[in-house]
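With mmCIF, C-alpha atoms and all ligand atoms inside, this is work_17.cif:
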```cif
data_coords
loop_
_atom_site.group_PDB
_atom_site.id
_atom_site.type_symbol
_atom_site.label_atom_id
_atom_site.label_comp_id
_atom_site.auth_asym_id
_atom_site.auth_seq_id
_atom_site.Cartn_x
_atom_site.Cartn_y
_atom_site.Cartn_z
ATOM 1 C CA GLY X 917 -18.327 4.491 10.102
ATOM 2 C CA ALA X 918 -17.276 1.503 7.973
ATOM 3 C CA GLY X 919 -13.711 1.267 6.725
ATOM 4 C CA LEU X 920 -10.746 3.352 7.772
ATOM 5 C CA ARG X 921 -11.032 6.633 9.655
ATOM 6 C CA VAL X 922 -8.077 8.812 10.486
ATOM 7 C CA GLU X 923 -9.291 11.444 12.950
ATOM 8 C CA ASP X 924 -7.212 14.523 13.797
ATOM 9 C CA VAL X 925 -4.023 12.435 13.788
ATOM 10 C CA VAL X 926 -0.662 13.884 14.793
ATOM 11 C CA VAL X 927 2.588 11.973 14.177
ATOM 12 C CA LEU X 928 5.710 13.445 15.745
ATOM 13 C CA TYR X 929 9.420 13.096 15.034
ATOM 14 C CA ARG X 930 12.559 14.524 16.561
ATOM 15 C CA ASP X 931 14.671 16.531 14.121
ATOM 16 C CA ASP X 932 18.485 16.780 14.119
ATOM 17 C CA ASP X 933 18.506 19.508 16.837
ATOM 18 C CA GLY X 934 16.376 17.312 19.068
ATOM 19 C CA THR X 935 13.312 19.506 18.517
ATOM 20 C CA THR X 936 9.966 17.707 18.341
ATOM 21 C CA LYS X 937 8.076 18.404 15.099
ATOM 22 C CA ALA X 938 4.890 17.137 13.494
ATOM 23 C CA ALA X 939 5.297 15.029 10.333
ATOM 24 C CA VAL X 940 1.481 14.701 10.299
ATOM 25 C CA ASP X 941 -0.288 17.643 11.866
ATOM 26 C CA GLY X 942 -3.921 17.003 12.809
ATOM 27 C CA LEU X 943 -5.058 15.131 9.724
ATOM 28 C CA THR X 944 -8.549 13.683 9.124
ATOM 29 C CA LEU X 945 -9.339 11.249 6.295
ATOM 30 C CA ALA X 946 -11.808 8.410 5.671
ATOM 31 C CA VAL X 947 -11.370 5.491 3.270
ATOM 32 C CA ALA X 948 -14.575 3.571 2.495
ATOM 33 C CA PRO X 949 -14.579 -0.220 1.977
ATOM 34 C CA GLY X 950 -13.483 -1.025 -1.574
ATOM 35 C CA GLU X 951 -12.136 2.465 -2.136
ATOM 36 C CA VAL X 952 -8.628 3.285 -3.366
ATOM 37 C CA VAL X 953 -7.305 6.597 -2.042
ATOM 38 C CA ALA X 954 -3.991 8.052 -3.222
ATOM 39 C CA LEU X 955 -1.991 10.220 -0.827
ATOM 40 C CA LEU X 956 -0.259 12.629 -3.179
ATOM 41 C CA GLY X 957 2.301 15.190 -2.096
ATOM 42 C CA PRO X 958 5.916 16.293 -2.345
ATOM 43 C CA SER X 959 8.737 14.530 -0.549
ATOM 44 C CA GLY X 960 8.664 15.357 3.166
ATOM 45 C CA SER X 961 4.937 16.193 3.247
ATOM 46 C CA GLY X 962 4.218 13.377 5.720
ATOM 47 C CA LYS X 963 2.692 10.705 3.463
ATOM 48 C CA SER X 964 4.899 7.896 4.711
ATOM 49 C CA SER X 965 4.482 8.917 8.340
ATOM 50 C CA LEU X 966 0.687 8.796 7.967
ATOM 51 C CA LEU X 967 0.804 5.401 6.265
ATOM 52 C CA ARG X 968 3.094 4.033 8.956
ATOM 53 C CA ALA X 969 0.818 5.361 11.686
ATOM 54 C CA VAL X 970 -2.171 3.613 10.062
ATOM 55 C CA ALA X 971 -0.119 0.395 9.883
ATOM 56 C CA GLY X 972 0.824 0.715 13.556
ATOM 57 C CA LEU X 973 4.518 1.183 12.764
ATOM 58 C CA GLU X 974 4.537 4.757 14.092
ATOM 59 C CA PRO X 975 2.938 6.052 17.299
ATOM 60 C CA VAL X 976 -0.095 8.346 17.047
ATOM 61 C CA ALA X 977 0.568 11.304 19.356
ATOM 62 C CA ARG X 978 -2.951 12.754 19.095
ATOM 63 C CA GLY X 979 -6.243 11.747 17.486
ATOM 64 C CA ARG X 980 -7.109 8.195 16.504
ATOM 65 C CA VAL X 981 -7.195 5.610 13.743
ATOM 66 C CA THR X 982 -10.258 3.343 13.553
ATOM 67 C CA TRP X 983 -11.412 0.437 11.398
ATOM 68 C CA ASP X 984 -15.178 -0.145 11.219
ATOM 69 C CA GLY X 985 -15.443 2.119 14.240
ATOM 70 C CA THR X 986 -12.956 0.181 16.362
ATOM 71 C CA ASP X 987 -10.005 2.141 17.734
ATOM 72 C CA LEU X 988 -6.736 0.534 16.602
ATOM 73 C CA ALA X 989 -4.662 2.087 19.406
ATOM 74 C CA GLY X 990 -2.702 -0.730 21.027
ATOM 75 C CA VAL X 991 -3.511 -3.198 18.228
ATOM 76 C CA PRO X 992 -0.151 -4.539 17.008
ATOM 77 C CA VAL X 993 0.839 -4.405 13.338
ATOM 78 C CA HIS X 994 0.204 -8.102 12.654
ATOM 79 C CA ARG X 995 -3.270 -7.973 14.213
ATOM 80 C CA ARG X 996 -4.562 -5.083 12.103
ATOM 81 C CA GLY X 997 -5.389 -7.257 9.096
ATOM 82 C CA MET X 998 -3.533 -4.860 6.826
ATOM 83 C CA GLY X 999 -1.107 -5.554 4.013
ATOM 84 C CA LEU X 1000 2.002 -3.540 3.243
ATOM 85 C CA MET X 1001 3.883 -2.987 0.029
ATOM 86 C CA PHE X 1002 6.994 -0.840 -0.326
ATOM 87 C CA GLN X 1003 9.122 0.653 -3.083
ATOM 88 C CA ASP X 1004 11.515 -2.232 -2.743
ATOM 89 C CA GLY X 1005 9.185 -5.236 -2.819
ATOM 90 C CA GLN X 1006 11.429 -7.074 -0.356
ATOM 91 C CA LEU X 1007 10.751 -10.501 -1.782
ATOM 92 C CA PHE X 1008 12.228 -13.560 -0.120
ATOM 93 C CA PRO X 1009 15.286 -14.188 -2.306
ATOM 94 C CA HIS X 1010 15.504 -17.920 -1.664
ATOM 95 C CA ARG X 1011 11.886 -18.761 -2.507
ATOM 96 C CA ASP X 1012 10.521 -19.067 -6.001
ATOM 97 C CA VAL X 1013 7.744 -16.767 -7.221
ATOM 98 C CA ALA X 1014 4.891 -19.067 -6.134
ATOM 99 C CA ARG X 1015 6.351 -19.558 -2.652
ATOM 100 C CA ASN X 1016 6.738 -15.804 -2.265
ATOM 101 C CA VAL X 1017 3.084 -15.270 -3.155
ATOM 102 C CA ALA X 1018 2.004 -18.189 -0.955
ATOM 103 C CA PHE X 1019 3.826 -16.892 2.131
ATOM 104 C CA GLY X 1020 0.881 -15.138 3.801
ATOM 105 C CA LEU X 1021 -1.414 -18.033 2.958
ATOM 106 C CA GLN X 1022 0.909 -20.454 4.710
ATOM 107 C CA MET X 1023 0.860 -18.131 7.754
ATOM 108 C CA GLN X 1024 -2.948 -18.273 7.643
ATOM 109 C CA ARG X 1025 -2.757 -22.090 7.320
ATOM 110 C CA VAL X 1026 -4.754 -22.065 4.097
ATOM 111 C CA PRO X 1027 -4.788 -25.705 2.890
ATOM 112 C CA ARG X 1028 -2.329 -26.639 0.167
ATOM 113 C CA ALA X 1029 -4.786 -27.120 -2.718
ATOM 114 C CA GLU X 1030 -6.561 -23.841 -1.954
ATOM 115 C CA ARG X 1031 -3.151 -22.147 -1.701
ATOM 116 C CA ALA X 1032 -2.079 -23.416 -5.099
ATOM 117 C CA ARG X 1033 -5.368 -22.265 -6.629
ATOM 118 C CA ARG X 1034 -5.111 -18.776 -5.166
ATOM 119 C CA VAL X 1035 -1.417 -18.394 -6.055
ATOM 120 C CA ALA X 1036 -2.154 -19.297 -9.686
ATOM 121 C CA GLU X 1037 -5.145 -16.922 -9.730
ATOM 122 C CA LEU X 1038 -3.078 -14.025 -8.338
ATOM 123 C CA LEU X 1039 -0.144 -14.608 -10.690
ATOM 124 C CA ASP X 1040 -2.636 -14.522 -13.535
ATOM 125 C CA LEU X 1041 -4.146 -11.309 -12.164
ATOM 126 C CA VAL X 1042 -0.777 -9.490 -12.081
ATOM 127 C CA GLY X 1043 0.219 -10.720 -15.537
ATOM 128 C CA LEU X 1044 2.669 -13.390 -14.380
ATOM 129 C CA ALA X 1045 0.816 -16.596 -15.276
ATOM 130 C CA GLY X 1046 3.351 -19.403 -15.557
ATOM 131 C CA PHE X 1047 6.006 -17.601 -13.489
ATOM 132 C CA GLY X 1048 5.426 -19.736 -10.366
ATOM 133 C CA ASP X 1049 8.636 -21.734 -10.634
ATOM 134 C CA ARG X 1050 10.873 -18.784 -11.478
ATOM 135 C CA ASP X 1051 13.654 -17.764 -9.144
ATOM 136 C CA VAL X 1052 12.964 -14.173 -7.981
ATOM 137 C CA ALA X 1053 16.605 -13.261 -8.740
ATOM 138 C CA SER X 1054 15.864 -13.850 -12.434
ATOM 139 C CA LEU X 1055 13.029 -11.292 -12.542
ATOM 140 C CA SER X 1056 13.077 -7.710 -13.834
ATOM 141 C CA GLY X 1057 12.237 -4.817 -11.481
ATOM 142 C CA GLY X 1058 8.705 -4.581 -12.842
ATOM 143 C CA GLU X 1059 8.145 -8.317 -12.500
ATOM 144 C CA ARG X 1060 9.362 -8.214 -8.910
ATOM 145 C CA GLN X 1061 6.853 -5.512 -8.027
ATOM 146 C CA ARG X 1062 4.120 -7.573 -9.674
ATOM 147 C CA VAL X 1063 5.098 -10.500 -7.447
ATOM 148 C CA ALA X 1064 5.166 -8.190 -4.406
ATOM 149 C CA LEU X 1065 1.652 -7.002 -5.305
ATOM 150 C CA ALA X 1066 0.363 -10.569 -5.661
ATOM 151 C CA ARG X 1067 1.976 -11.497 -2.355
ATOM 152 C CA SER X 1068 0.417 -8.567 -0.514
ATOM 153 C CA LEU X 1069 -3.028 -9.313 -2.005
ATOM 154 C CA ALA X 1070 -2.889 -13.055 -1.239
ATOM 155 C CA PRO X 1071 -4.011 -12.928 2.418
ATOM 156 C CA ARG X 1072 -6.942 -10.665 1.358
ATOM 157 C CA PRO X 1073 -6.007 -7.764 3.633
ATOM 158 C CA ARG X 1074 -8.910 -5.577 4.719
ATOM 159 C CA LEU X 1075 -6.684 -2.607 3.916
ATOM 160 C CA LEU X 1076 -3.638 -2.581 1.646
ATOM 161 C CA LEU X 1077 -1.042 0.124 2.330
ATOM 162 C CA LEU X 1078 1.247 0.876 -0.611
ATOM 163 C CA ASP X 1079 4.212 3.202 -0.040
ATOM 164 C CA GLU X 1080 5.624 4.466 -3.365
ATOM 165 C CA PRO X 1081 5.424 0.913 -4.770
ATOM 166 C CA LEU X 1082 6.425 1.948 -8.297
ATOM 167 C CA SER X 1083 8.975 4.682 -7.577
ATOM 168 C CA ALA X 1084 12.045 2.564 -8.313
ATOM 169 C CA LEU X 1085 10.832 1.819 -11.853
ATOM 170 C CA ASP X 1086 11.329 3.899 -15.009
ATOM 171 C CA ARG X 1087 8.486 6.079 -16.246
ATOM 172 C CA ALA X 1088 7.175 3.890 -19.061
ATOM 173 C CA LEU X 1089 7.040 0.901 -16.745
ATOM 174 C CA ARG X 1090 5.406 2.952 -13.964
ATOM 175 C CA GLU X 1091 2.576 4.002 -16.264
ATOM 176 C CA ARG X 1092 1.857 0.440 -17.325
ATOM 177 C CA LEU X 1093 2.101 -0.895 -13.792
ATOM 178 C CA ALA X 1094 -0.099 1.841 -12.323
ATOM 179 C CA ASP X 1095 -2.922 0.700 -14.619
ATOM 180 C CA ASP X 1096 -2.272 -2.928 -13.702
ATOM 181 C CA VAL X 1097 -2.239 -2.160 -9.967
ATOM 182 C CA ARG X 1098 -5.557 -0.376 -10.376
ATOM 183 C CA ALA X 1099 -7.012 -3.379 -12.241
ATOM 184 C CA ALA X 1100 -5.760 -5.839 -9.594
ATOM 185 C CA LEU X 1101 -7.199 -3.755 -6.722
ATOM 186 C CA THR X 1102 -10.539 -3.439 -8.514
ATOM 187 C CA ALA X 1103 -10.726 -7.140 -9.409
ATOM 188 C CA THR X 1104 -10.061 -8.148 -5.791
ATOM 189 C CA GLY X 1105 -12.245 -5.387 -4.299
ATOM 190 C CA THR X 1106 -9.281 -4.338 -2.149
ATOM 191 C CA THR X 1107 -9.480 -1.186 -0.017
ATOM 192 C CA ALA X 1108 -6.197 0.673 -0.365
ATOM 193 C CA LEU X 1109 -4.173 3.703 0.612
ATOM 194 C CA PHE X 1110 -1.533 4.398 -2.045
ATOM 195 C CA VAL X 1111 1.297 6.845 -1.306
ATOM 196 C CA THR X 1112 2.930 8.584 -4.254
ATOM 197 C CA HIS X 1113 4.586 11.868 -5.281
ATOM 198 C CA ASP X 1114 3.630 11.251 -8.929
ATOM 199 C CA HIS X 1115 0.417 12.917 -10.217
ATOM 200 C CA ASP X 1116 -0.039 10.532 -13.136
ATOM 201 C CA GLU X 1117 0.231 7.553 -10.848
ATOM 202 C CA ALA X 1118 -2.329 8.986 -8.407
ATOM 203 C CA PHE X 1119 -4.737 9.694 -11.275
ATOM 204 C CA ALA X 1120 -4.288 6.169 -12.668
ATOM 205 C CA VAL X 1121 -4.860 4.249 -9.442
ATOM 206 C CA ALA X 1122 -7.222 6.230 -7.233
ATOM 207 C CA ASP X 1123 -10.947 6.716 -6.706
ATOM 208 C CA ARG X 1124 -10.030 9.802 -4.698
ATOM 209 C CA ILE X 1125 -6.802 11.746 -4.351
ATOM 210 C CA ALA X 1126 -5.822 13.246 -0.983
ATOM 211 C CA VAL X 1127 -3.359 16.055 -1.644
ATOM 212 C CA MET X 1128 -0.900 16.453 1.211
ATOM 213 C CA ASP X 1129 1.459 19.268 2.102
ATOM 214 C CA ALA X 1130 3.469 19.919 5.270
ATOM 215 C CA GLY X 1131 1.536 17.374 7.345
ATOM 216 C CA HIS X 1132 -1.879 18.668 6.230
ATOM 217 C CA LEU X 1133 -4.457 17.744 3.616
ATOM 218 C CA LEU X 1134 -5.040 20.475 1.054
ATOM 219 C CA GLN X 1135 -7.875 18.756 -0.790
ATOM 220 C CA VAL X 1136 -9.535 15.340 -1.164
ATOM 221 C CA ASP X 1137 -11.361 14.768 -4.441
ATOM 222 C CA PRO X 1138 -11.894 12.273 -7.260
ATOM 223 C CA PRO X 1139 -9.325 12.579 -10.073
ATOM 224 C CA ALA X 1140 -11.880 14.086 -12.467
ATOM 225 C CA VAL X 1141 -12.590 16.954 -10.052
ATOM 226 C CA LEU X 1142 -8.912 17.672 -9.431
ATOM 227 C CA TRP X 1143 -8.280 17.540 -13.153
ATOM 228 C CA HIS X 1144 -10.743 20.328 -13.840
ATOM 229 C CA ARG X 1145 -9.315 22.750 -11.296
ATOM 230 C CA PRO X 1146 -6.921 25.440 -12.475
HETATM 231 P P1 LIG X 1201 6.914 11.817 2.740
HETATM 232 O O1 LIG X 1201 6.536 10.390 2.859
HETATM 233 O O2 LIG X 1201 5.807 12.687 2.231
HETATM 234 O O3 LIG X 1201 8.179 12.030 1.970
HETATM 235 P P2 LIG X 1201 7.634 11.626 5.521
HETATM 236 O O4 LIG X 1201 6.444 11.152 6.246
HETATM 237 O O5 LIG X 1201 8.695 10.636 5.188
HETATM 238 O O6 LIG X 1201 7.172 12.387 4.206
HETATM 239 O O7 LIG X 1201 8.316 12.788 6.351
HETATM 240 C C1 LIG X 1201 7.609 13.934 6.797
HETATM 241 C C2 LIG X 1201 8.546 14.847 7.550
HETATM 242 O O8 LIG X 1201 8.943 14.231 8.755
HETATM 243 C C3 LIG X 1201 9.815 15.169 6.810
HETATM 244 O O9 LIG X 1201 10.195 16.494 7.124
HETATM 245 C C4 LIG X 1201 10.809 14.172 7.361
HETATM 246 O O10 LIG X 1201 12.112 14.679 7.253
HETATM 247 C C5 LIG X 1201 10.355 14.077 8.775
HETATM 248 N N1 LIG X 1201 10.615 12.786 9.418
HETATM 249 C C6 LIG X 1201 9.765 11.744 9.454
HETATM 250 N N2 LIG X 1201 10.275 10.730 10.155
HETATM 251 C C7 LIG X 1201 11.474 11.148 10.574
HETATM 252 C C8 LIG X 1201 12.509 10.552 11.346
HETATM 253 N N3 LIG X 1201 12.390 9.326 11.832
HETATM 254 N N4 LIG X 1201 13.608 11.275 11.574
HETATM 255 C C9 LIG X 1201 13.737 12.502 11.076
HETATM 256 N N5 LIG X 1201 12.802 13.118 10.349
HETATM 257 C C10 LIG X 1201 11.687 12.449 10.097
HETATM 258 P P1 LIG X 1202 6.868 -26.305 0.244
HETATM 259 O O1 LIG X 1202 7.232 -27.303 -0.811
HETATM 260 O O2 LIG X 1202 8.014 -25.455 0.701
HETATM 261 O O3 LIG X 1202 6.004 -26.856 1.337
HETATM 262 P P2 LIG X 1202 4.587 -25.579 -1.084
HETATM 263 O O4 LIG X 1202 4.654 -26.804 -1.907
HETATM 264 O O5 LIG X 1202 3.604 -25.491 0.026
HETATM 265 O O6 LIG X 1202 5.989 -25.262 -0.484
HETATM 266 O O7 LIG X 1202 4.401 -24.355 -2.076
HETATM 267 C C1 LIG X 1202 3.954 -23.122 -1.642
HETATM 268 C C2 LIG X 1202 2.743 -22.760 -2.427
HETATM 269 O O8 LIG X 1202 3.062 -22.445 -3.785
HETATM 270 C C3 LIG X 1202 1.764 -23.904 -2.476
HETATM 271 O O9 LIG X 1202 0.463 -23.366 -2.407
HETATM 272 C C4 LIG X 1202 2.022 -24.511 -3.848
HETATM 273 O O10 LIG X 1202 0.903 -25.193 -4.317
HETATM 274 C C5 LIG X 1202 2.275 -23.262 -4.647
HETATM 275 N N1 LIG X 1202 3.038 -23.507 -5.854
HETATM 276 C C6 LIG X 1202 4.230 -24.105 -5.937
HETATM 277 N N2 LIG X 1202 4.681 -24.088 -7.205
HETATM 278 C C7 LIG X 1202 3.725 -23.464 -7.943
HETATM 279 C C8 LIG X 1202 3.577 -23.133 -9.320
HETATM 280 N N3 LIG X 1202 4.523 -23.410 -10.223
HETATM 281 N N4 LIG X 1202 2.460 -22.466 -9.731
HETATM 282 C C9 LIG X 1202 1.506 -22.146 -8.820
HETATM 283 N N5 LIG X 1202 1.570 -22.445 -7.508
HETATM 284 C C10 LIG X 1202 2.666 -23.105 -7.077
#
```
For this file, produce the structure as structure tokens.
Amino acid sequence: GAGLRVEDVVVLYRDDDGTTKAAVDGLTLAVAPGEVVALLGPSGSGKSSLLRAVAGLEPVARGRVTWDGTDLAGVPVHRRGMGLMFQDGQLFPHRDVARNVAFGLQMQRVPRAERARRVAELLDLVGLAGFGDRDVASLSGGERQRVALARSLAPRPRLLLLDEPLSALDRALRERLADDVRAALTATGTTALFVTHDHDEAFAVADRIAVMDAGHLLQVDPPAVLWHRP
């Protein structure tokens, strides 16, 4: 199968008593190339653990994660070709906006002129045209997350993993940004897994919503289908 496949995956953690428990408990999910899937569920339902396991940041205790049919077990984080974006965009504070966005391109040794072209294109895409020279410390929270999005899209990851990327922002801003994230993912044809506990956000960004509870999937459907259920 093309794209991402999560097959019967278990992710374990040790709780405060030292007991081993499953944060993700035998979960199966496929994400097709170009598709945006939202993982929606309450806090503690295992969304982050699943995302981290896909990224290679968390061990998979059972089952497997594959990309285009290739098992990713043993493939280190930086070799998976995936991008990560978190709630706190974790921008480099001492680089201007353009140099933050260009970071992954420099790692990939993309030539300077091509880099400049792609940085300008991405800043335009996230609504920050002309912000290249700005100091990141001078940006608002929403602007920072736009820069973080541009930076994570720049290396053209085959899969972008977003963990509550808008949760630190206020509601009005979240709504606007959710639409803009959706537009940026669509324009770049990026395959993505987007973790959120916010229904509206999931509906705004996703082609399909995977509803998670207690380490399991309850339902995986397009927003329109979920919308029409009681
Ligand atoms: P979500 O992202 O949906 O909030 P998480 O994946 O963060 O859920 O957590 C799922 C469950 O696993 C929760 O009960 C959480 O407390 C527990 N958990 C995950 N990782 C750890 C850890 N390192 N230490 C303790 N508990 C953890
Ligand atoms: P350094 O000077 O540290 O070597 P670069 O000049 O390589 O950094 O800049 C990093 C990237 O950001 C380059 O691709 C550069 O063209 C691009 N860049 C720098 N300033 C801007 C800007 N104002 N708008 C768009 N791209 C920019």
So the first atom is CA of Asp1129 (chain X) and the second is CA of Val940 (chain X); what is the distance between them in Å, to one decimal place? 9.4 Å
Suppose you want the space between atom C5 of ligand LIG 1201 (chain X) and CA of Val925 (chain X); what is it in Å? 15.3 Å
Find the residues of chain X that sit at most 8 Å from ligand LIG 1202 (chain X); for each, write down the nearest two atoms and how far apart they are in Å, to one decimal. Count all atoms listed in the file. Sort by chain, then by number going up, and give it as a Markdown table.
```
| residue | atom | partner | partner_atom | distance |
| --- | --- | --- | --- | --- |
| X:Asp1012 | CA | X:LIG1202 | N2 | 7.8 |
| X:Val1013 | CA | X:LIG1202 | C7 | 7.8 |
| X:Ala1014 | CA | X:LIG1202 | O8 | 4.5 |
| X:Arg1015 | CA | X:LIG1202 | C1 | 4.4 |
| X:Asn1016 | CA | X:LIG1202 | O8 | 7.7 |
| X:Val1017 | CA | X:LIG1202 | O8 | 7.2 |
| X:Ala1018 | CA | X:LIG1202 | C2 | 4.9 |
| X:Phe1019 | CA | X:LIG1202 | C1 | 7.3 |
| X:Leu1021 | CA | X:LIG1202 | O9 | 7.8 |
| X:Gln1022 | CA | X:LIG1202 | O5 | 7.4 |
| X:Pro1027 | CA | X:LIG1202 | O9 | 7.8 |
| X:Arg1028 | CA | X:LIG1202 | O9 | 5.0 |
| X:Ala1029 | CA | X:LIG1202 | O10 | 6.2 |
| X:Glu1030 | CA | X:LIG1202 | O9 | 7.1 |
| X:Arg1031 | CA | X:LIG1202 | O9 | 3.9 |
| X:Ala1032 | CA | X:LIG1202 | O10 | 3.6 |
| X:Arg1033 | CA | X:LIG1202 | N5 | 7.0 |
| X:Arg1034 | CA | X:LIG1202 | O9 | 7.7 |
| X:Val1035 | CA | X:LIG1202 | N5 | 5.2 |
| X:Ala1036 | CA | X:LIG1202 | C9 | 4.7 |
| X:Leu1039 | CA | X:LIG1202 | C9 | 7.9 |
| X:Gly1046 | CA | X:LIG1202 | N4 | 6.6 |
| X:Phe1047 | CA | X:LIG1202 | N3 | 6.8 |
| X:Gly1048 | CA | X:LIG1202 | N3 | 3.8 |
| X:Asp1049 | CA | X:LIG1202 | N3 | 4.5 |
| X:Arg1050 | CA | X:LIG1202 | N3 | 8.0 |
```
Next, the residues of the selection above should be written as a PDB file, in the coordinates of the input with C-alpha atoms.
```pdb
ATOM      1  CA  ASP X1012      10.521 -19.067  -6.001  1.00  0.00           C
ATOM      2  CA  VAL X1013       7.744 -16.767  -7.221  1.00  0.00           C
ATOM      3  CA  ALA X1014       4.891 -19.067  -6.134  1.00  0.00           C
ATOM      4  CA  ARG X1015       6.351 -19.558  -2.652  1.00  0.00           C
ATOM      5  CA  ASN X1016       6.738 -15.804  -2.265  1.00  0.00           C
ATOM      6  CA  VAL X1017       3.084 -15.270  -3.155  1.00  0.00           C
ATOM      7  CA  ALA X1018       2.004 -18.189  -0.955  1.00  0.00           C
ATOM      8  CA  PHE X1019       3.826 -16.892   2.131  1.00  0.00           C
ATOM      9  CA  LEU X1021      -1.414 -18.033   2.958  1.00  0.00           C
ATOM     10  CA  GLN X1022       0.909 -20.454   4.710  1.00  0.00           C
ATOM     11  CA  PRO X1027      -4.788 -25.705   2.890  1.00  0.00           C
ATOM     12  CA  ARG X1028      -2.329 -26.639   0.167  1.00  0.00           C
ATOM     13  CA  ALA X1029      -4.786 -27.120  -2.718  1.00  0.00           C
ATOM     14  CA  GLU X1030      -6.561 -23.841  -1.954  1.00  0.00           C
ATOM     15  CA  ARG X1031      -3.151 -22.147  -1.701  1.00  0.00           C
ATOM     16  CA  ALA X1032      -2.079 -23.416  -5.099  1.00  0.00           C
ATOM     17  CA  ARG X1033      -5.368 -22.265  -6.629  1.00  0.00           C
ATOM     18  CA  ARG X1034      -5.111 -18.776  -5.166  1.00  0.00           C
ATOM     19  CA  VAL X1035      -1.417 -18.394  -6.055  1.00  0.00           C
ATOM     20  CA  ALA X1036      -2.154 -19.297  -9.686  1.00  0.00           C
ATOM     21  CA  LEU X1039      -0.144 -14.608 -10.690  1.00  0.00           C
ATOM     22  CA  GLY X1046       3.351 -19.403 -15.557  1.00  0.00           C
ATOM     23  CA  PHE X1047       6.006 -17.601 -13.489  1.00  0.00           C
ATOM     24  CA  GLY X1048       5.426 -19.736 -10.366  1.00  0.00           C
ATOM     25  CA  ASP X1049       8.636 -21.734 -10.634  1.00  0.00           C
ATOM     26  CA  ARG X1050      10.873 -18.784 -11.478  1.00  0.00           C
TER      27      ARG X1050
END
```
Select from region 938-1052 of chain X every residue with an atom at most 6 Å from any atom of region 1067-1086 of chain X, then for each give the shortest pair of atoms and their distance in Å to one decimal, using all atoms listed in the file, rows by chain and rising number, as JSON lines.
```
{"residue": "X:Gly997", "atom": "CA", "partner": "X:Pro1073", "partner_atom": "CA", "distance": 5.5}
{"residue": "X:Met998", "atom": "CA", "partner": "X:Leu1075", "partner_atom": "CA", "distance": 4.8}
{"residue": "X:Gly999", "atom": "CA", "partner": "X:Leu1076", "partner_atom": "CA", "distance": 4.6}
{"residue": "X:Leu1000", "atom": "CA", "partner": "X:Leu1077", "partner_atom": "CA", "distance": 4.9}
{"residue": "X:Met1001", "atom": "CA", "partner": "X:Leu1078", "partner_atom": "CA", "distance": 4.7}
{"residue": "X:Phe1002", "atom": "CA", "partner": "X:Asp1079", "partner_atom": "CA", "distance": 4.9}
{"residue": "X:Gln1003", "atom": "CA", "partner": "X:Pro1081", "partner_atom": "CA", "distance": 4.1}
{"residue": "X:Val1017", "atom": "CA", "partner": "X:Arg1067", "partner_atom": "CA", "distance": 4.0}
{"residue": "X:Gly1020", "atom": "CA", "partner": "X:Pro1071", "partner_atom": "CA", "distance": 5.5}
{"residue": "X:Leu1021", "atom": "CA", "partner": "X:Pro1071", "partner_atom": "CA", "distance": 5.8}
```
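Restricting the calculation to all atoms listed in the file, the smallest distance between Arg921 (chain X) and any of X:Ser1054, X:Ser965, X:Thr982, X:Thr936 is found for X:Thr982.
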Under the rule of at most 8 Å, produce a per-residue listing of chain X near ligand LIG 1201 (chain X): chain, number, name, the closest pair of atoms, and the distance in Å, as a tab-separated table, using only C-alpha atoms and all ligand atoms.
```
residue	atom	partner	partner_atom	distance
X:Leu928	CA	X:LIG1201	C6	7.7
X:Tyr929	CA	X:LIG1201	C7	5.3
X:Arg930	CA	X:LIG1201	C9	6.0
X:Asp931	CA	X:LIG1201	C9	5.1
X:Asp932	CA	X:LIG1201	C9	7.1
X:Lys937	CA	X:LIG1201	O8	7.6
X:Ala938	CA	X:LIG1201	O8	6.9
X:Ala939	CA	X:LIG1201	O8	4.1
X:Val940	CA	X:LIG1201	C1	7.1
X:Gly957	CA	X:LIG1201	O2	6.1
X:Pro958	CA	X:LIG1201	O2	5.8
X:Ser959	CA	X:LIG1201	O3	3.6
X:Gly960	CA	X:LIG1201	O6	3.5
X:Ser961	CA	X:LIG1201	O2	3.8
X:Gly962	CA	X:LIG1201	O4	3.2
X:Lys963	CA	X:LIG1201	O2	3.9
X:Ser964	CA	X:LIG1201	O1	3.5
X:Ser965	CA	X:LIG1201	O4	3.6
X:Leu966	CA	X:LIG1201	O4	6.5
X:Val1111	CA	X:LIG1201	O1	7.6
X:His1113	CA	X:LIG1201	O2	7.7
X:Met1128	CA	X:LIG1201	O2	7.8
X:Asp1129	CA	X:LIG1201	O2	7.9
X:Ala1130	CA	X:LIG1201	C1	7.4
X:Gly1131	CA	X:LIG1201	C1	7.0
```
Polymer residues at most 12 Å from Leu1089 (chain X), only C-alpha atoms, same-chain spacing of 6 or more positions, as a count of residues only: 12
What does the distance from CA of Arg1060 (chain X) to CA of Phe1008 (chain X) come to in Å, to one decimal? 10.7 Å
Restricting the calculation to only C-alpha atoms: of X:Leu1142, X:Val1052, X:Val926, X:Leu920, which residue gets closest to Leu945 (chain X)? X:Leu920
Using only C-alpha atoms, pick whichever of X:Thr986, X:Thr1112, X:Gln1135, X:Thr1104 has the shortest atom-to-atom distance to Gly950 (chain X).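 That would be X:Thr1104, the residue with the smallest distance to Gly950 (chain X).
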For Val991 (chain X), please output as a list in words all residues within 12 Å (counting all atoms listed in the file; exclusion window: fewer than 6 positions along the same chain). Ala969, Val970, Ala971, Gly972, Leu973, Pro975, Val981, Thr982, Trp983, Gly997 and Met998 of chain X
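Residue nearest Ala977 (chain X), chosen from X:Ala1126, X:Ala918, X:Asp924, X:Arg996 and counting only C-alpha atoms: X:Asp924.
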When the PyMOL selection byres (((chain X and resi 1143) around 12) and not hetatm) is applied to the structure above, which residues does it catch, written out as a list in words?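 That selection, the PyMOL selection byres (((chain X and resi 1143) around 12) and not hetatm), comes back as His1115, Asp1116, Ala1118, Phe1119, Arg1124, Ile1125, Asp1137, Pro1138, Pro1139, Ala1140, Val1141, Leu1142, His1144, Arg1145 and Pro1146 of chain X.
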